[in-house]
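All remarks here apply to the structure that follows.
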Amino acid sequence: MNNVSVDASVDKMLSPSLPFRQNEIAINAAFPLSNGTLSVIVEAQTAEQADDAANKLAKALRARTDRFKSIFYPEGLELLRQNGLLYLDQDELESLADRLAEAQPLLGGISADPTLRGLADVLTLALENATAETASAFGPALRKMTATVDALADGRNPRLSWQSLLSEDDDEETANRQFIVAQPVVDFGSLSPVSDAMRAIGDVTATLGFDTDDTVRVRVTGTQLMRQEELQTVKDGMGLVGMLSFTIVIVLLALALRSARLVIATLFTLVAGLILTAAFAVATFSALNLISVAFAVLFIGLSVDFGIHFTLRSREEMIGGKAIRDALPAAARGVGGPLLLSAVAAALGFLSFLPTDYRGVSELGVISGAGMFIALVANMTLLPALLYVMRANANGISGRASPKNPLRGLVQSHAGKIVGAAAIIGIGAAAITPFAQFDEDPLNLRDPNSPSVATLLDLLKDPRTEPYSAELLAKDLTTADQLAQRLKALPEVRNATTISNLVPTDQDAKQEIIDETALVLTPVFMGAGDAVPLSDEDRQQALTSLEAGLNGTNAGVLPDAKKLAAALSKLPATAETRKRLETALLGDFPLFRDRLSDLMQPDGITLETIPPPLRDRQISKDGRALVTIKPRDDLRDSDARRQFAAAVQEVAPTASGSAISYSAVKDAVVGSFQQAAILAMIMIVILLFAVLRRLSDVLMVLSPLALAVVITVAVTVVFNTPFNLANIIVLPLILGLGVAFGIHIVLRHRDEGDDKMLESSTPRAVLFSALTTIGSFGALTLSNHPGTASMGYLLTLSVSLTMLCTLIVLPALLELFGARKTDHGAKQ
């Protein structure tokens, strides 16, 4: 127990030799500052508040060197704060300059006295001299002020964004959001690898008072955090699911075995085998991965099958009159061969993943393959020893006969119809299977209500956020720029950028426009003063003056003036309301003025002046350059994602990034399962033929499994429930169970014929083995984690189909085509 660890890193799930993994590894090595980062999103009511809060938060987080390797706030870099306007198109900059010139009287007057009194004075003066020509400068401001006052009257705590008054873009939600990139110290040996970093963010947020400030909200997202919350979601749901599963298993075992001692012995053997298998896993691998931890699912499903077959066969022998000393060896002789054959076949199926590129499942295959032999040995040694020590026959078992098999008459009377119907269904299902889908997007496996996922889904509407981009590492910047131009020409690509895009075009002409604007705004900056707190009497006088001015004789030139006056008249006439009004309208003005002052002092940007925090994320130490490629379409659609990936890789075969890797993961995973399935079936067929020595019996064993598999796949197509990275591990379990079920039925039929086989303990063992597996893991459907729930649904479906095909279709096949009991068969 002291050596159990889980490596939560998804990067190690696939072979590093895969081309897309090689590209990812190269980019990660070239730009270590971009690896495993968290996005800290700061949102506020105004752009000014968001910028101020983000600066404070970034500064505080940089001090937490014990929890973060780096903190990067692009908007806080001095170079960008001064030269931000250079990134506008020249037409956009000229339009902004015109709006600033029109607003100069308003801004200048408030800058000298940023209080309710200053606002009243400048608006009153403006209205007295307003004309139809000058009204356009004040209309937008008055409308924004009216909306702010209305919100205040509704009991909210609004803030007026002065930056929004000058913007032609109405998307304030985007403007009021800032991004900080934090690279946490990650503990991959923990199932909560970034929990320490998250606690640090929470502590800093609380220290700054943002956790109680309803005007600022801090959220966090990022791949590492989503994985952590994903594991926590699974863990949180396992309590209820585990209790429910355990209860169902106990009830089903009690119904199957009809003896408390048999149930206890079977469960004890199961737990002992599971512990031994876990010990093997820890001894073999330094850490389990997110797939190999599921070995318990596979072990429990098949170990319970072994235990039920042995205990029911023992019970059958005791009911036939044997004492426990004789019943146990007889049961071992009866089921030992089928159990050994089942264990070897299941192990071959699991080990077939070993040569594939899907390392997560190949490690699972090694553990589960070994687990099959551990389960076999435990159920053939520990279980009978427990049954003997506990004196199972002393509980009156010999007097409790098993109920008659209700399917016997159906199978024997309608065998032809059953086989015909199965053939028709199988052929129809097989025709549908080529349309099966695999959903490779890990976002669809996560709980959309978890904080990090909900944040990311919300950010998808922000044009600055693109979780499905692609990246390319070029040998130098010249090559990178050339590739970016070729990629931008693709219809699937919205934009392709390099560090060269951080150098604005036409800087001289833009700087001239900014210089002229700065000269116009000189009164705004030269006359700037700090807000001297007003008394309530001063605020009341200012408000009275403002309302009078808004309702003045010249107010007709500005219809919005009377609307603002009407909104002000609805406010409660209290000192607290007047103070809140001043804060709502003018609280962010000093921040806006300081930011505007910075923007009016550009000194130009060149590649040489780009600061290291930006440069080191675009140019590696050896001079290689990064190209970032953004898609034109919504890549949450799998087909669009694959089309984008194919188009990009046509120009740049070494491209990587989420859009590329998701498609490559699908190819790798599906290819691994196809490769493993072919290899497993070849080895299992060889094994079965070597042991059974009858091709017909081999086909009998595999037929119900094949039918169950094609129907399962067809159902996923019909109900649009694609395979994914979580539920696809159900397939190895079905392979193991299906082969085991078929082996038990066919070998019992060879030994005893149709009548005795159908009335023996074997069909009952298959039934309750399947029901126990369904009960164990069907409760996963209740999980809040979509991936876990999908695994529960698919497992319940596939095991149910395997059970039905084994108990109905296989006996019907044996009735029609199976060889009858012979002396040779009896000896075998």
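Chains: A, B, ... in order of the structure tokens. Residues: from 1 per chain. Ligands: from 1, in order shown.
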If you count only C-alpha atoms, which residues fall within 7 Å of region 715-731 of chain A, apart from same-chain ones fewer than 5 positions away, as a list in words? Phe435, Ala436, Gln437, Phe438, Asp439, Glu440, Gly787, Thr788, Ser790, Met791, Leu794 and Leu795 of chain A
Written file, previous selection with N, CA and C atoms, as a CSV table (one decimal), in the first residue's frame:
```
chain,number,residue,atom,x,y,z
A,435,PHE,N,-20.1,2.2,-39.4
A,435,PHE,CA,-20.4,3.6,-39.1
A,435,PHE,C,-20.2,3.9,-37.6
A,436,ALA,N,-19.6,3.0,-36.9
A,436,ALA,CA,-19.2,3.3,-35.5
A,436,ALA,C,-18.3,4.5,-35.4
A,437,GLN,N,-18.5,5.3,-34.3
A,437,GLN,CA,-17.7,6.5,-34.2
A,437,GLN,C,-16.9,6.4,-32.9
A,438,PHE,N,-15.8,7.2,-32.9
A,438,PHE,CA,-14.9,7.3,-31.7
A,438,PHE,C,-14.8,8.7,-31.4
A,439,ASP,N,-15.2,9.2,-30.2
A,439,ASP,CA,-15.1,10.6,-29.8
A,439,ASP,C,-13.8,10.8,-29.1
A,440,GLU,N,-12.8,11.4,-29.7
A,440,GLU,CA,-11.5,11.6,-29.2
A,440,GLU,C,-11.3,12.8,-28.3
A,787,GLY,N,-17.5,10.3,-18.8
A,787,GLY,CA,-16.7,9.2,-19.2
A,787,GLY,C,-17.0,7.9,-18.4
A,788,THR,N,-17.1,8.1,-17.1
A,788,THR,CA,-17.4,6.9,-16.3
A,788,THR,C,-18.8,6.4,-16.5
A,790,SER,N,-20.5,6.7,-19.3
A,790,SER,CA,-20.6,6.0,-20.6
A,790,SER,C,-20.0,4.6,-20.5
A,791,MET,N,-18.9,4.4,-19.6
A,791,MET,CA,-18.4,3.1,-19.4
A,791,MET,C,-19.4,2.2,-18.8
A,794,LEU,N,-22.1,1.2,-21.5
A,794,LEU,CA,-21.6,0.3,-22.5
A,794,LEU,C,-21.3,-1.1,-21.9
A,795,LEU,N,-20.8,-1.1,-20.6
A,795,LEU,CA,-20.5,-2.4,-20.0
A,795,LEU,C,-21.8,-3.1,-19.7
```
Choose the residue, out of A:Ile743, A:Val185, A:Leu456, A:Leu208, that has the smallest atom-to-atom separation from Val335 (chain A); count only C-alpha atoms. A:Ile743
At a cut-off of 12 Å, using only C-alpha atoms, what residues contact Ile605 (chain A)? Leave out same-chain residues fewer than 5 positions from it and give the result as an MDAnalysis selection string. chainID A and resid 78:87 499:508 511 610:611
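Restricting the calculation to only C-alpha atoms, the smallest distance between Pro491 (chain A) and any of A:Ala331, A:Thr207, A:Leu166, A:Ala640 is found for A:Ala640.
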